[in-house]
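Here is the structure we will look at.
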Amino acid sequence: MTSTDVHLPSSTATWVAAATGVGTALRDGVADRDRSGEIATDAVDLLRSSGLSRALVPVEFGGGGATHRDLGAVLRELGRHDPSTAVAFAMHTHLVAAQVWRHKHGMDAAAVFEKVAAGAILVSTGASDWVESNGRARRVDGGYRVSAHKLPASGCEVGTIAVTSVRWDDAPEGPQVLHCAIPLSAPGVRIEKTWDTLGLRASGSHTIVFEEVFVPDAAISLVRPAGVWPPILNMVAGAAMPLVLSAYLGIADRAVEFATGSVAQRAEEHTVALVGEMANAHTTAADLIDAMFTAADDLAFANTDEHAARTLSRKTVAADNLVATVRLAIETVGGVGYSRTSPLEMWYRDIHGCLFHPLPRAKQLRFSGHVLLGRGPLG
């Protein structure tokens with residue numbers, strides 16, 4: 001049976017049920033992978049066979065035709081079971097979402113859709129790219145030779161294609177950034193296992209090393225000036241941030257369930273007050289993420305600085321409240337929550353990953369402030 005032969009879900013509930021099946025299959029190994037730092041290699045097979053890896057691809061291109069919000073629900077459910085896998089999968093999902101946005105705005109995304117429908121797993125290097133990007137590209141016949149170190153690149157050990165960018169400092173028009181897709185099987189590509197962190201230890205967010213890799217002209221999707229805010233990043237923010245934060249919301253959901261279950265029989269007023277404060281933080285985070293999906297309009301949103309600024313503002317405040325939710329869950333249950341025998345200890349480490357997705361707080365404040373003042377994202 002090929003990936004396109006799988007009968008795919010057709011509603012939010014059935015997509016979530018598929019995510020529950022994958023999460024349940026992975027859940028028993030989560031603690032061991034947290035200790036070892038090894039990615040769940042069987043997760044990719046499960047995500048493919050369940051149809052989740054191609055869920056966002058339109059039906060006419062061999063996908064599941066799921067909505068943006070459907071995939072948020074999927075990532076939230078996966079986050080409840082296996083945070084590292086959920087966050088790594090969010091990187092693939094948000095890249096597919098960006099292609100759906102392009103498709104809905106009249107651009108050709110067929111080539112990417114067909115690859116994903118056939119089983120490709122996309123790997124984002126966006127955290128090390130952003131406006132300036134890094135690395136070195138030089139022009140050669142028929143394309144470019146590129147060299148770069150890209151980290152973190154979640155899921156790169158099990159991925160198929162790196163969606164990345166590289167600086168071209170010697171461009172005739174001055175320094176440029178090349179956006180491109182590079183197969184991880186291409187000559188000159190290797191993975192360095194550098195991911196050794198406080199949390200999300202099993203997300204496989206290692207370093208992709210490109211050494212004089214040939215990138216043909218056909219693989220270049222965009223050439224833009226370095227150091228100038230590119231509108232493509234407005235689109236990426238609007239497509240990606242609701243999905244990424246949904247994975248973390250699943251972690252917070254589990255923490256709230258664990259904490260309330262642990263103290264359900266307690267009558268102390270201070271415990272009840274802590275539960276109420278935890279509920280406030282959890283509700284705030286969930287409502288902000290829901291608002292991000294609503295504003296994204298199932299990936300039909302307008303590509304504007306204002307939309308990106310509002311999305312990123314919501315991301316910062318939601319992230320603060322996600323972290324607060326799990327902290328308050330630990331405070332609610334008491335000292336046992338600080339012990340490594342409690343899952344809250346791992347969830348607290350994992351939840352902090354949400355702070356570091358673009359844009360971190362200090363950069364977001366500057367971005368949103370400049371936009372609100374009418375100066376453009378970079379001032």
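Chain labels run A, B, ... following the order of the structure tokens; each chain numbers its residues from 1, and ligands are numbered from 1 in the order shown.
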
Spatial neighbours of A:Cys180, 10 Å, only C-alpha atoms, chain gap at least 6 places, as a PyMOL selection string: chain A and resi 162-166+215-223

Would you give me, as number ranges by chain, the residues in stretch 159-255 of chain A that DSSP reads as alpha helix (DSSP H)? A: 231-255

With a distance cut-off of 12 Å and only C-alpha atoms, select the neighbouring residues of A:Arg340, excluding the residue or stretch itself and same-chain residues fewer than 4 positions from it, and output the selection as a ChimeraX atom specification. /A:31,34-35,330,335-336,344-349

Which neighbours of A:Arg145 fall inside 8 Å, counting only C-alpha atoms, when residues of the same chain fewer than 5 positions from it are skipped, and could you give them as a list in words?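 Here the qualifying residues turn out to be Ala137, Arg138, Arg139, Val140, Glu212, Val213, Phe214 and Val215 of chain A.
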
Among listed residues A:His92, A:Lys115, A:His103, A:His81, nearest A:Gly63 (using only C-alpha atoms): A:Lys115

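Atom CA of A:Gly199 is found 20.0 Å from atom CA of A:Ala285.
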
Using only C-alpha atoms, which protein or nucleic acid residues come within 8 Å of A:Glu306? Drop anything in the same chain fewer than 4 positions from it, and give the result as a ChimeraX atom specification. /A:310,371-372

Residues at most 12 Å from A:Ala148, counting only C-alpha atoms, excluding those fewer than 6 positions away in the same chain, as a PyMOL selection string? chain A and resi 125+128-129+133-138+164-168+188-191+207-213

How about saving the chosen residues, N, CA and C atoms kept, as a short mmCIF file (atom, residue, chain, number, x, y, z; two decimals), in the first residue's frame?
data_model
loop_
_atom_site.label_atom_id
_atom_site.label_comp_id
_atom_site.auth_asym_id
_atom_site.auth_seq_id
_atom_site.Cartn_x
_atom_site.Cartn_y
_atom_site.Cartn_z
N THR A 125 14.67 25.26 8.73
CA THR A 125 15.85 25.85 9.38
C THR A 125 15.59 27.31 9.72
N SER A 128 17.45 29.70 12.29
CA SER A 128 18.77 30.26 12.02
C SER A 128 18.81 31.07 10.73
N ASP A 129 17.65 31.28 10.11
CA ASP A 129 17.59 32.02 8.85
C ASP A 129 17.09 33.45 9.10
N SER A 133 19.77 35.60 7.45
CA SER A 133 20.22 34.26 7.11
C SER A 133 21.72 34.13 7.38
N ASN A 134 22.29 32.97 7.06
CA ASN A 134 23.71 32.76 7.27
C ASN A 134 24.24 31.83 6.19
N GLY A 135 25.49 31.45 6.31
CA GLY A 135 26.10 30.58 5.32
C GLY A 135 26.70 31.35 4.16
N ARG A 136 27.08 30.59 3.13
CA ARG A 136 27.77 31.18 1.99
C ARG A 136 27.32 30.49 0.70
N ALA A 137 26.89 31.27 -0.26
CA ALA A 137 26.53 30.74 -1.57
C ALA A 137 27.42 31.37 -2.63
N ARG A 138 27.81 30.57 -3.63
CA ARG A 138 28.55 31.14 -4.76
C ARG A 138 27.94 30.60 -6.05
N THR A 164 15.25 25.94 3.52
CA THR A 164 16.28 26.75 4.14
C THR A 164 16.56 28.01 3.34
N SER A 165 17.53 28.78 3.79
CA SER A 165 18.02 29.92 3.03
C SER A 165 19.51 30.09 3.32
N VAL A 166 20.20 30.73 2.38
CA VAL A 166 21.65 30.91 2.49
C VAL A 166 22.00 32.29 1.96
N ARG A 167 22.95 32.94 2.57
CA ARG A 167 23.42 34.27 2.11
C ARG A 167 24.26 34.13 0.85
N TRP A 168 24.05 35.08 -0.04
CA TRP A 168 24.86 35.20 -1.26
C TRP A 168 25.47 36.60 -1.23
N GLY A 188 27.20 16.18 0.19
CA GLY A 188 27.66 17.34 0.93
C GLY A 188 26.79 17.73 2.10
N VAL A 189 25.69 16.99 2.33
CA VAL A 189 24.81 17.26 3.48
C VAL A 189 25.07 16.23 4.57
N ARG A 190 25.23 16.69 5.78
CA ARG A 190 25.36 15.76 6.91
C ARG A 190 24.71 16.37 8.15
N ILE A 191 24.44 15.51 9.12
CA ILE A 191 23.83 15.93 10.39
C ILE A 191 24.87 15.84 11.49
N THR A 207 22.07 19.92 14.10
CA THR A 207 22.61 20.85 13.11
C THR A 207 22.71 20.17 11.75
N ILE A 208 22.17 20.83 10.72
CA ILE A 208 22.38 20.39 9.35
C ILE A 208 23.59 21.14 8.81
N VAL A 209 24.55 20.39 8.31
CA VAL A 209 25.76 20.98 7.72
C VAL A 209 25.71 20.80 6.21
N PHE A 210 25.80 21.92 5.49
CA PHE A 210 25.91 21.90 4.04
C PHE A 210 27.35 22.27 3.67
N GLU A 211 28.02 21.40 2.95
CA GLU A 211 29.39 21.66 2.52
C GLU A 211 29.48 21.60 1.00
N GLU A 212 29.53 22.78 0.39
CA GLU A 212 29.65 22.87 -1.07
C GLU A 212 28.57 22.04 -1.76
N VAL A 213 27.35 22.17 -1.27
CA VAL A 213 26.21 21.44 -1.84
C VAL A 213 25.73 22.17 -3.09
#

Figure out the distance between atom CA of A:Leu359 and atom CA of A:Thr85, please, to one decimal in Å.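 Those two atoms sit 21.5 Å apart.
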
For stretch 278-280 of chain A: contacts at 12 Å, only C-alpha atoms, fewer than 4 positions along chain excluded, given as a list in words: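 My reading of the contact set: Ala252, Asp253, Ala255, Val256, Glu257, Ala259, Thr260, Thr271, Val272, Ala273, Leu274, Thr284, Ala285, Ala286, Asp287, Ala318, Asn321, Leu322, Val323, Ala324, Thr325, Val326, Arg327, Leu328, Ala329, Ile330, Glu331, Thr332 and Val333 of chain A.
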
Take the selection from the previous step and output its residues with N, CA and C atoms, as a compact mmCIF listing (two decimals), in the first residue's frame.
# COMPACT_ATOMS: atom_id res chain seq x y z
N ALA A 252 0.52 21.82 28.09
CA ALA A 252 -0.18 22.51 29.18
C ALA A 252 -1.47 21.79 29.55
N ASP A 253 -2.19 21.27 28.56
CA ASP A 253 -3.41 20.52 28.83
C ASP A 253 -3.13 19.35 29.78
N ALA A 255 -0.61 18.95 31.80
CA ALA A 255 -0.19 19.42 33.12
C ALA A 255 -1.39 19.80 33.97
N VAL A 256 -2.36 20.46 33.36
CA VAL A 256 -3.58 20.85 34.09
C VAL A 256 -4.35 19.61 34.52
N GLU A 257 -4.48 18.64 33.62
CA GLU A 257 -5.19 17.41 33.97
C GLU A 257 -4.50 16.67 35.12
N ALA A 259 -2.44 17.93 37.41
CA ALA A 259 -2.51 18.69 38.67
C ALA A 259 -3.89 18.61 39.29
N THR A 260 -4.93 18.80 38.49
CA THR A 260 -6.28 18.77 39.07
C THR A 260 -6.63 17.37 39.55
N THR A 271 -4.83 25.80 47.89
CA THR A 271 -4.76 24.90 46.74
C THR A 271 -5.84 25.25 45.72
N VAL A 272 -7.03 25.51 46.19
CA VAL A 272 -8.13 25.90 45.29
C VAL A 272 -7.77 27.20 44.56
N ALA A 273 -7.17 28.13 45.27
CA ALA A 273 -6.78 29.40 44.64
C ALA A 273 -5.71 29.17 43.56
N LEU A 274 -4.77 28.28 43.83
CA LEU A 274 -3.75 27.97 42.83
C LEU A 274 -4.35 27.33 41.60
N THR A 284 -6.16 31.72 29.13
CA THR A 284 -5.60 32.84 28.36
C THR A 284 -4.79 32.33 27.18
N ALA A 285 -3.93 31.34 27.43
CA ALA A 285 -3.10 30.78 26.36
C ALA A 285 -3.99 30.16 25.28
N ALA A 286 -4.96 29.35 25.69
CA ALA A 286 -5.82 28.68 24.72
C ALA A 286 -6.62 29.68 23.90
N ASP A 287 -7.12 30.73 24.54
CA ASP A 287 -7.92 31.73 23.83
C ASP A 287 -7.07 32.50 22.82
N ALA A 318 0.80 34.33 24.77
CA ALA A 318 0.41 32.92 24.92
C ALA A 318 1.55 32.11 25.50
N ASN A 321 1.92 32.55 29.19
CA ASN A 321 0.86 31.88 29.93
C ASN A 321 0.97 30.36 29.87
N LEU A 322 1.54 29.82 28.79
CA LEU A 322 1.79 28.38 28.75
C LEU A 322 2.82 27.99 29.81
N VAL A 323 3.90 28.76 29.88
CA VAL A 323 4.91 28.48 30.90
C VAL A 323 4.31 28.64 32.29
N ALA A 324 3.52 29.70 32.49
CA ALA A 324 2.90 29.92 33.80
C ALA A 324 1.96 28.78 34.17
N THR A 325 1.25 28.23 33.19
CA THR A 325 0.32 27.13 33.46
C THR A 325 1.05 25.94 34.07
N VAL A 326 2.15 25.54 33.47
CA VAL A 326 2.86 24.36 33.97
C VAL A 326 3.56 24.67 35.28
N ARG A 327 4.07 25.89 35.43
CA ARG A 327 4.66 26.27 36.72
C ARG A 327 3.62 26.19 37.84
N LEU A 328 2.42 26.70 37.56
CA LEU A 328 1.37 26.67 38.56
C LEU A 328 0.87 25.26 38.82
N ALA A 329 0.94 24.39 37.81
CA ALA A 329 0.60 22.98 38.03
C ALA A 329 1.55 22.35 39.04
N ILE A 330 2.83 22.67 38.93
CA ILE A 330 3.81 22.15 39.89
C ILE A 330 3.54 22.73 41.28
N GLU A 331 3.29 24.02 41.34
CA GLU A 331 3.02 24.65 42.64
C GLU A 331 1.75 24.08 43.27
N THR A 332 0.79 23.76 42.45
CA THR A 332 -0.47 23.22 42.95
C THR A 332 -0.29 21.86 43.60
N VAL A 333 0.45 20.97 42.95
CA VAL A 333 0.62 19.63 43.51
C VAL A 333 1.64 19.60 44.63

Given only C-alpha atoms as the basis, pick out the residue of A:Ala120, A:Ala296, A:Val131, A:Leu151 nearest to A:Pro225.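 So, comparing all the options, the nearest one is A:Val131.
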